[in-house]
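Visitor: Below you will find the structure I want to go over with you.
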Amino acid sequence: MAVAGGGTSGARYRQLAADLREAIAAGRCGSDGRLPSEEQLAQQYGVSRGTVRQALAVLRANGLVTSRRGTRRVVLGTSRTQSFFELLSFTRWARALGEEPGGRTIDIERRPAEPLECEQLGLEPGALIYRMLRLRTLSRVPVMIERTTYPERIGALIERLDPHEISHTDPLTEEGVVFADTEHTIDLVYADADDARLLGCAPDAALMRERRRATDQAGRPLMWSDDRFLPGTVAFTVHNSVATTALSRRRG
């Protein structure tokens with residue numbers, strides 16, 4: 001069975017990871033508790049062993065298989081739940097999964113807030129905000145675009161950071177900005193011109209969107225972000241019980 005879609009090596013390993021995940025869930029792969037060897041998977045799916053290794057790294061990051069190299073991977077079949085800060089911060093989330101996070105600020109502008117921005121950030125009409133456009137990568141592969149709006153007092157701190165600063169959450173924490181609560185809204189949108197250019201996807205391609213609104217301990221809004229992920233790069237799981245509700249973000 002060949003991996004559908006062809007395309008770049010990044011697209012091939014993401015597609016292979018998705019195919020393997022589906023096969024594991026359906027019991028078609030790893031039914032004996034172990035995956036086929038890298039060589040067998042490469043032959044079965046018509047890809048290189050390097051592509052297989054990258055796909056297996058994704059499954060390892062998701063907690064689906066062990067990370068031992070040179071042997072058949074053991075299927076675990078469970079995924080971990082991230083902490084609050086791993087869900088708030090792309091950098092902390094990526095590192096918790098063993099990935100190499102990257103980031104580059106494409107543009108940041110200071111301007112009067114639009115009505116929706118005023119609503120989300122609890123600002124008066126005409127208040128100044130900073131809006132940032134940022135590309136995020138995992139292991140140097142573009143996976144997500146951030147469009148984050150900050151109140152002026154927070155945005156002024158962001159504007160001083162190096163455009164290639166990997167984490168923005170950590171420097172803000174060091175400045176005494178305390179993230180206490182975050183709301184996550186997940187839906188689907190279609191790529192605009194900036195998304196297509198920076199992520200290398202087709203115009204109007206379907207992207208998964210995560211909108212995040214963070215507040216401090218007093219309930220004051222600190223940021224409102226529109227994050228757009230390439231398909232197959234991230235997945236979310238919500239676990240409900242009478243005791244608690246946990247949200248988990250996984251490498252997809």
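We label chains A, B, ... in the order they appear in the structure tokens, count residues from 1 in each chain, and number ligands from 1 in the order shown.
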Just the alpha helix (DSSP H) stuff from segment 7-242 of chain A, please, per backbone DSSP, written as an NGL selection string.
Guide: :A and (9-26 or 38-45 or 49-61 or 84-88 or 90-96 or 115-121 or 152-159 or 169-174 or 193-199)
Visitor: Please provide the set of residues having any atom within 6 Å of Thr137 of chain A, restricted to only C-alpha atoms, with same-chain residues fewer than 4 positions apart removed, written as a list in words.
Guide: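 In the requested form, the answer reads Pro101, Gly102, Val141, Pro142 and Val143 of chain A.
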Visitor: I need the strand (DSSP E or B) residues of segment 30-236 of chain A per DSSP on the backbone, written as number ranges by chain.
Guide: A: 34, 65, 74-75, 101-112, 128-138, 141-151, 181-190, 206-215, 221-229, 234-236
Visitor: Find the distance between atom CA of Phe179 of chain A and atom CA of Glu152 of chain A and write it in Å to one decimal.
Guide: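 According to the coordinates, atom CA of Phe179 of chain A and atom CA of Glu152 of chain A are separated by 16.4 Å.
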Visitor: Need to verify the contact set: segment 10-26 of chain A, 7 Å, only C-alpha atoms, exclusion of same-chain residues closer than 5 positions in sequence. Can you return it as a PDB file with all heavy atoms, in the first residue's frame?
Guide:
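Below is the file selection-v6.pdb, written as the result:
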```pdb
ATOM      1  N   VAL A   3       1.603   5.367   0.242  1.00  0.00           N
ATOM      2  CA  VAL A   3       1.039   6.515   0.927  1.00  0.00           C
ATOM      3  C   VAL A   3       0.455   7.459  -0.102  1.00  0.00           C
ATOM      4  O   VAL A   3       1.135   7.869  -1.048  1.00  0.00           O
ATOM      5  CB  VAL A   3       2.116   7.244   1.752  1.00  0.00           C
ATOM      6  CG1 VAL A   3       1.538   8.488   2.400  1.00  0.00           C
ATOM      7  CG2 VAL A   3       2.672   6.313   2.813  1.00  0.00           C
ATOM      8  N   THR A  51      11.449   8.326   5.896  1.00  0.00           N
ATOM      9  CA  THR A  51      10.059   8.751   6.060  1.00  0.00           C
ATOM     10  C   THR A  51       9.375   7.930   7.143  1.00  0.00           C
ATOM     11  O   THR A  51       8.611   8.453   7.956  1.00  0.00           O
ATOM     12  CB  THR A  51       9.297   8.612   4.730  1.00  0.00           C
ATOM     13  OG1 THR A  51       9.901   9.477   3.757  1.00  0.00           O
ATOM     14  CG2 THR A  51       7.831   8.988   4.880  1.00  0.00           C
ATOM     15  N   VAL A  52       9.670   6.614   7.177  1.00  0.00           N
ATOM     16  CA  VAL A  52       9.110   5.747   8.217  1.00  0.00           C
ATOM     17  C   VAL A  52       9.562   6.220   9.595  1.00  0.00           C
ATOM     18  O   VAL A  52       8.767   6.312  10.534  1.00  0.00           O
ATOM     19  CB  VAL A  52       9.512   4.277   7.991  1.00  0.00           C
ATOM     20  CG1 VAL A  52       9.107   3.420   9.190  1.00  0.00           C
ATOM     21  CG2 VAL A  52       8.868   3.739   6.719  1.00  0.00           C
ATOM     22  N   GLN A  54      10.471   9.195  10.559  1.00  0.00           N
ATOM     23  CA  GLN A  54       9.791  10.443  10.924  1.00  0.00           C
ATOM     24  C   GLN A  54       8.355  10.177  11.358  1.00  0.00           C
ATOM     25  O   GLN A  54       7.867  10.760  12.328  1.00  0.00           O
ATOM     26  CB  GLN A  54       9.810  11.414   9.741  1.00  0.00           C
ATOM     27  CG  GLN A  54      11.173  12.027   9.470  1.00  0.00           C
ATOM     28  CD  GLN A  54      11.112  12.984   8.295  1.00  0.00           C
ATOM     29  OE1 GLN A  54      10.838  12.578   7.166  1.00  0.00           O
ATOM     30  NE2 GLN A  54      11.355  14.254   8.563  1.00  0.00           N
ATOM     31  N   ALA A  55       7.663   9.295  10.643  1.00  0.00           N
ATOM     32  CA  ALA A  55       6.286   8.952  11.007  1.00  0.00           C
ATOM     33  C   ALA A  55       6.233   8.273  12.369  1.00  0.00           C
ATOM     34  O   ALA A  55       5.355   8.557  13.191  1.00  0.00           O
ATOM     35  CB  ALA A  55       5.668   8.048   9.937  1.00  0.00           C
ATOM     36  N   LEU A  56       7.194   7.382  12.632  1.00  0.00           N
ATOM     37  CA  LEU A  56       7.232   6.700  13.926  1.00  0.00           C
ATOM     38  C   LEU A  56       7.536   7.677  15.055  1.00  0.00           C
ATOM     39  O   LEU A  56       7.058   7.519  16.179  1.00  0.00           O
ATOM     40  CB  LEU A  56       8.272   5.576  13.903  1.00  0.00           C
ATOM     41  CG  LEU A  56       7.924   4.375  13.004  1.00  0.00           C
ATOM     42  CD1 LEU A  56       9.084   3.394  12.964  1.00  0.00           C
ATOM     43  CD2 LEU A  56       6.652   3.690  13.476  1.00  0.00           C
ATOM     44  N   VAL A  58       6.444  10.697  15.151  1.00  0.00           N
ATOM     45  CA  VAL A  58       5.153  11.321  15.428  1.00  0.00           C
ATOM     46  C   VAL A  58       4.320  10.428  16.339  1.00  0.00           C
ATOM     47  O   VAL A  58       3.729  10.890  17.326  1.00  0.00           O
ATOM     48  CB  VAL A  58       4.395  11.604  14.115  1.00  0.00           C
ATOM     49  CG1 VAL A  58       2.970  12.058  14.407  1.00  0.00           C
ATOM     50  CG2 VAL A  58       5.125  12.649  13.289  1.00  0.00           C
ATOM     51  N   LEU A  59       4.277   9.121  16.038  1.00  0.00           N
ATOM     52  CA  LEU A  59       3.512   8.186  16.872  1.00  0.00           C
ATOM     53  C   LEU A  59       4.103   8.113  18.286  1.00  0.00           C
ATOM     54  O   LEU A  59       3.368   8.010  19.268  1.00  0.00           O
ATOM     55  CB  LEU A  59       3.504   6.791  16.242  1.00  0.00           C
ATOM     56  CG  LEU A  59       2.852   6.670  14.856  1.00  0.00           C
ATOM     57  CD1 LEU A  59       2.810   5.214  14.421  1.00  0.00           C
ATOM     58  CD2 LEU A  59       1.462   7.274  14.849  1.00  0.00           C
ATOM     59  N   GLY A 232      -3.169  17.101   9.927  1.00  0.00           N
ATOM     60  CA  GLY A 232      -2.273  16.004  10.258  1.00  0.00           C
ATOM     61  C   GLY A 232      -1.136  16.371  11.178  1.00  0.00           C
ATOM     62  O   GLY A 232      -0.294  15.524  11.482  1.00  0.00           O
TER      63      GLY A 232
END
```
